[in-house]
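Engineer: Got a structure for you, written out below as structure tokens; questions coming shortly.
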Amino acid sequence: MMHSHFRKFYVVSLVSIVVLTLLFSADSIAQTDKSSLSGRVLDTKGKPVAGLELGIKPVEMVEPRGMMPRTPFASWLRVVTDKEGRFSFHNINVGSSQFVMFPESASDFEIISLEIGDLTFYSTAFLQNFPTWFGKLTFTIEPGTHLENVIVNVKPPRMRIRGRVLLKDGTPLANTDISLTVRRRQRNTDFFIFPSGGSGGSSGRNVKTDAEGYFVSYYPDETSEYSVIVKYEGASAKSRWFRLKKGQRYDKLVLVLKDLEEHRLRRSERVKARLSVWVVNPENDHAYKRIKCDSWEDAKAKAEAENASLVAINDASEQKWLEAVYPEKAFFWIGLRVPEKGASGKWNNSEPLTYTNWVDSQEPGPRSVSEGELPVAMEFFSKRWMAIAAESPFLPMVKYAILEKEGTPEATQ
């Protein structure tokens with residue numbers, strides 16, 4: 001429910017700014033197809049903020065986690081405000097972008113809002129219970145649009161812990177989802193300053209590091225001792241305990257994932273071992289196996305090489321069994337293609353199509369001869385079926401397939 005609310009809010013904000021830029025375009029005759037954005041940065045007292053590094057970050061919407069950069073970090077537009085807080089961006093990239101400060105998750109200020117003409121757009125990136133990626137101000141400027149006198153309102157960040165995640169060689173773990181846990185302990189002391197019990201708690205969630213490997217947590221909300229744990233792909237790093245007073249910020253935390261490569265190697269070995277295993281369904285005595293593949297055609301060829309076929313799902317019971325055996329949030333090619341007009345649907349192993357489980361509860365219509373057949377995959381979340389066209393944004397995500405063959409001596413249960 002909350003995710004749906006986030007998406008609606010994002011769409012409304014984005015559309016509003018797109019419309020706004022169109023209005024600005026109509027009011028002035030652009031001399032070039034390049035766009036620009038200029039204005040001033042002011043604090044909560046209306047005073048200019050000098051020496052603040054700002055950036056334009058090209059982004060795209062990626063489900064289910066939100067925004068991802070469209071271009072490398074080095075190509076983002078960056079400027080520094082002058083003594084009067086003024087800034088100016090030129091040659092802005094076409095497409096969705098975010099207005100950010102640097103370091104992106106470690107700046108000494110937070111953006112409250114952008115004032116463009118009589119309209120004000122508020123950021124929710126640093127409000128409690130809102131994901132940081134969602135609330136950053138996102139906009140699209142039409143080619144040839146020149147937005148001037150934009151006011152960026154900022155404030156110092158509230159109590160927070162800011163850290164940076166590095167790999168063993170010192171490279172930042174950039175633009176990556178990590179698991180973050182902030183632990184708190186409140187120690188009581190007696191007259192002689194010896195511990196005499198206390199209380200504590202923790203807050204855990206997934207966060208995304210920025211382009212320089214920084215993350216930020218606003219969990220600290222009282223005077224206490226805190227410690228931070230980050231986890232990624234099985235590797236973890238933990239900080240020492242440090243004390244924060246109410247209202248303070250801790251911005252010098254560095255966590256190094258020293259054993260990440262070892263965990264990746266062990267995980268790769270586990271994946272290889274699992275991919276080599278056939279699993280038998282006791283209801284039909286057929287064996288099933290998950291494989292990696294580059295396309296539906298590649299999956300079909302690999303199935304034939306193992307004297308098998310892409311899976312044919314003949315009833316709801318078999319569907320549920322497959323969902324239990326392969327619960328990963330991933331797409332899987334199955335042995336079905338949406339047929340051309342005049343052709344009946346059938347599985348890759350020539351069995352008739354007697355059961356369906358489409359995403360929209362309605363079977364796609366037959367394709368014309370010119371359109372050709374479309375391969376079908378089980379989608380990553382509900383495991384319902386969907387046809388994947390060549391232009392589908394989901395096509396690059398389908399990296400696996402499920403094979404099926406009758407019980408065999410090498411199959412294991």
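Going by the structure tokens order, chains are called A, B, ..., each with residues numbered from 1, while ligands are numbered from 1 in the order shown.
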Just the residues within 6 Å of range 246-260 of chain A, please, counting only C-alpha atoms, with nothing from its chain fewer than 5 positions along; format it as JSON, numbers by chain.

Structural biologist: {"A": [159, 160, 161, 162, 163, 164, 165, 166, 167, 168, 222, 223, 235, 236, 237]}

Engineer: Find the residues around range 300-305 of chain A up to 10 Å (only C-alpha atoms counted), leave out those fewer than 3 positions away in its own chain, and share them as a ChimeraX atom specification.

Structural biologist: /A:289,291-293,295-297,308-311,333-335,348,401-405

Engineer: Once you have the residues from the selection above, write them out as a JSON list (two decimals), in the first residue's frame, restricted to C-alpha atoms.

Structural biologist:
[["chain", "number", "residue", "atom", "x", "y", "z"],
["A", 289, "LYS", "CA", 16.38, -28.32, -13.28],
["A", 291, "ILE", "CA", 19.68, -23.35, -15.80],
["A", 292, "LYS", "CA", 21.24, -20.06, -16.80],
["A", 293, "CYS", "CA", 20.63, -18.93, -20.36],
["A", 295, "SER", "CA", 17.57, -16.24, -24.42],
["A", 296, "TRP", "CA", 14.56, -18.52, -24.88],
["A", 297, "GLU", "CA", 16.25, -20.08, -27.90],
["A", 308, "ALA", "CA", 15.09, -32.61, -21.91],
["A", 309, "SER", "CA", 12.67, -29.84, -22.84],
["A", 310, "LEU", "CA", 11.65, -26.50, -21.39],
["A", 311, "VAL", "CA", 9.13, -27.06, -18.64],
["A", 333, "TRP", "CA", 11.63, -19.09, -19.33],
["A", 334, "ILE", "CA", 9.08, -21.89, -19.74],
["A", 335, "GLY", "CA", 8.37, -24.10, -22.75],
["A", 348, "ASN", "CA", 7.77, -27.06, -26.49],
["A", 401, "ALA", "CA", 14.92, -21.28, -17.48],
["A", 402, "ILE", "CA", 13.42, -24.45, -16.03],
["A", 403, "LEU", "CA", 14.02, -27.78, -17.79],
["A", 404, "GLU", "CA", 11.89, -30.91, -17.46],
["A", 405, "LYS", "CA", 12.28, -34.57, -18.34]]

Engineer: At what distance in Å, to one decimal, does CA of Tyr226 in chain A lie from CA of Val182 in chain A?

Structural biologist: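 Between these atoms lies a distance of 6.8 Å.
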
Engineer: Between A:Glu351, A:Asp33, A:Glu115, A:Glu323, which has the minimum distance to Gly144 in chain A (counting only C-alpha atoms)?

Structural biologist: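 For Gly144 in chain A, the nearest of the given residues is A:Asp33.
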
Engineer: Counting only C-alpha atoms, which of A:Thr140, A:Thr44, A:Thr209, A:Asn91 gets nearest to Glu110 in chain A?

Structural biologist: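 Checking each candidate against Glu110 in chain A, we get A:Thr44 as the closest.
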
Engineer: Enumerate, as a ChimeraX atom specification, the complete set of residues in range 124-300 of chain A that a backbone-based DSSP assignment places in strand (DSSP E).

Structural biologist: /A:138-139,146-155,160-167,177-189,195-208,214-217,224-232,235-238,242-244,249-257,279-281,286-292

Engineer: Hey, can you check how far CA of Leu54 in chain A sits from CA of Pro103 in chain A?

Structural biologist: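 Atom-to-atom, CA of Leu54 in chain A and CA of Pro103 in chain A are spaced 9.0 Å apart.
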
Engineer: Which residues are close to His263 in chain A, i.e. within 9 Å by only C-alpha atoms, leaving aside same-chain residues fewer than 5 positions away? Reply as an mmCIF file with N, CA and C atoms, in the first residue's frame.

Structural biologist:
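And here is the file that came out, selection.cif:
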data_model
loop_
_atom_site.group_PDB
_atom_site.id
_atom_site.type_symbol
_atom_site.label_atom_id
_atom_site.label_comp_id
_atom_site.auth_asym_id
_atom_site.auth_seq_id
_atom_site.Cartn_x
_atom_site.Cartn_y
_atom_site.Cartn_z
ATOM 1 N N GLU A 233 25.827 -9.412 0.143
ATOM 2 C CA GLU A 233 26.191 -10.688 -0.480
ATOM 3 C C GLU A 233 26.930 -11.611 0.489
ATOM 4 N N GLY A 234 26.466 -11.648 1.733
ATOM 5 C CA GLY A 234 27.060 -12.540 2.724
ATOM 6 C C GLY A 234 28.211 -11.936 3.510
ATOM 7 N N ALA A 235 28.859 -10.897 2.965
ATOM 8 C CA ALA A 235 29.958 -10.231 3.674
ATOM 9 C C ALA A 235 29.374 -9.172 4.608
ATOM 10 N N SER A 268 29.166 -18.527 -5.673
ATOM 11 C CA SER A 268 29.239 -19.006 -7.046
ATOM 12 C C SER A 268 29.335 -20.533 -7.087
#

Engineer: What parts of range 77-189 of chain A does DSSP call helix (DSSP H, G or I)? I'd like the answer as a ChimeraX atom specification.

Structural biologist: /A:132-135

Engineer: Tell me, in Å to one decimal, how far CA of Trp278 in chain A is from CA of Leu395 in chain A.

Structural biologist: 25.9 Å

Engineer: Of the candidates A:Arg78, A:Ala312, A:Leu147, A:Glu406, which shows the shortest atom-to-atom distance to Pro352 in chain A, using only C-alpha atoms?

Structural biologist: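 Between A:Arg78, A:Ala312, A:Leu147, A:Glu406, the residue approaching Pro352 in chain A most closely is A:Ala312.
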
Engineer: Using only C-alpha atoms, which residue out of A:Ser113, A:Thr354, A:Asn175, A:Asn349 lies closest to Ala316 in chain A?

Structural biologist: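 Once distances to Ala316 in chain A are computed over only C-alpha atoms, the minimum belongs to A:Thr354.
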
Engineer: Let me make sure I understand: among A:Ala211, A:Ile116, A:Val280, A:Arg86, which one has the smallest atom-to-atom distance to Arg70 in chain A if we use only C-alpha atoms?

Structural biologist: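 The shortest atom-to-atom distance to Arg70 in chain A comes from A:Ala211.
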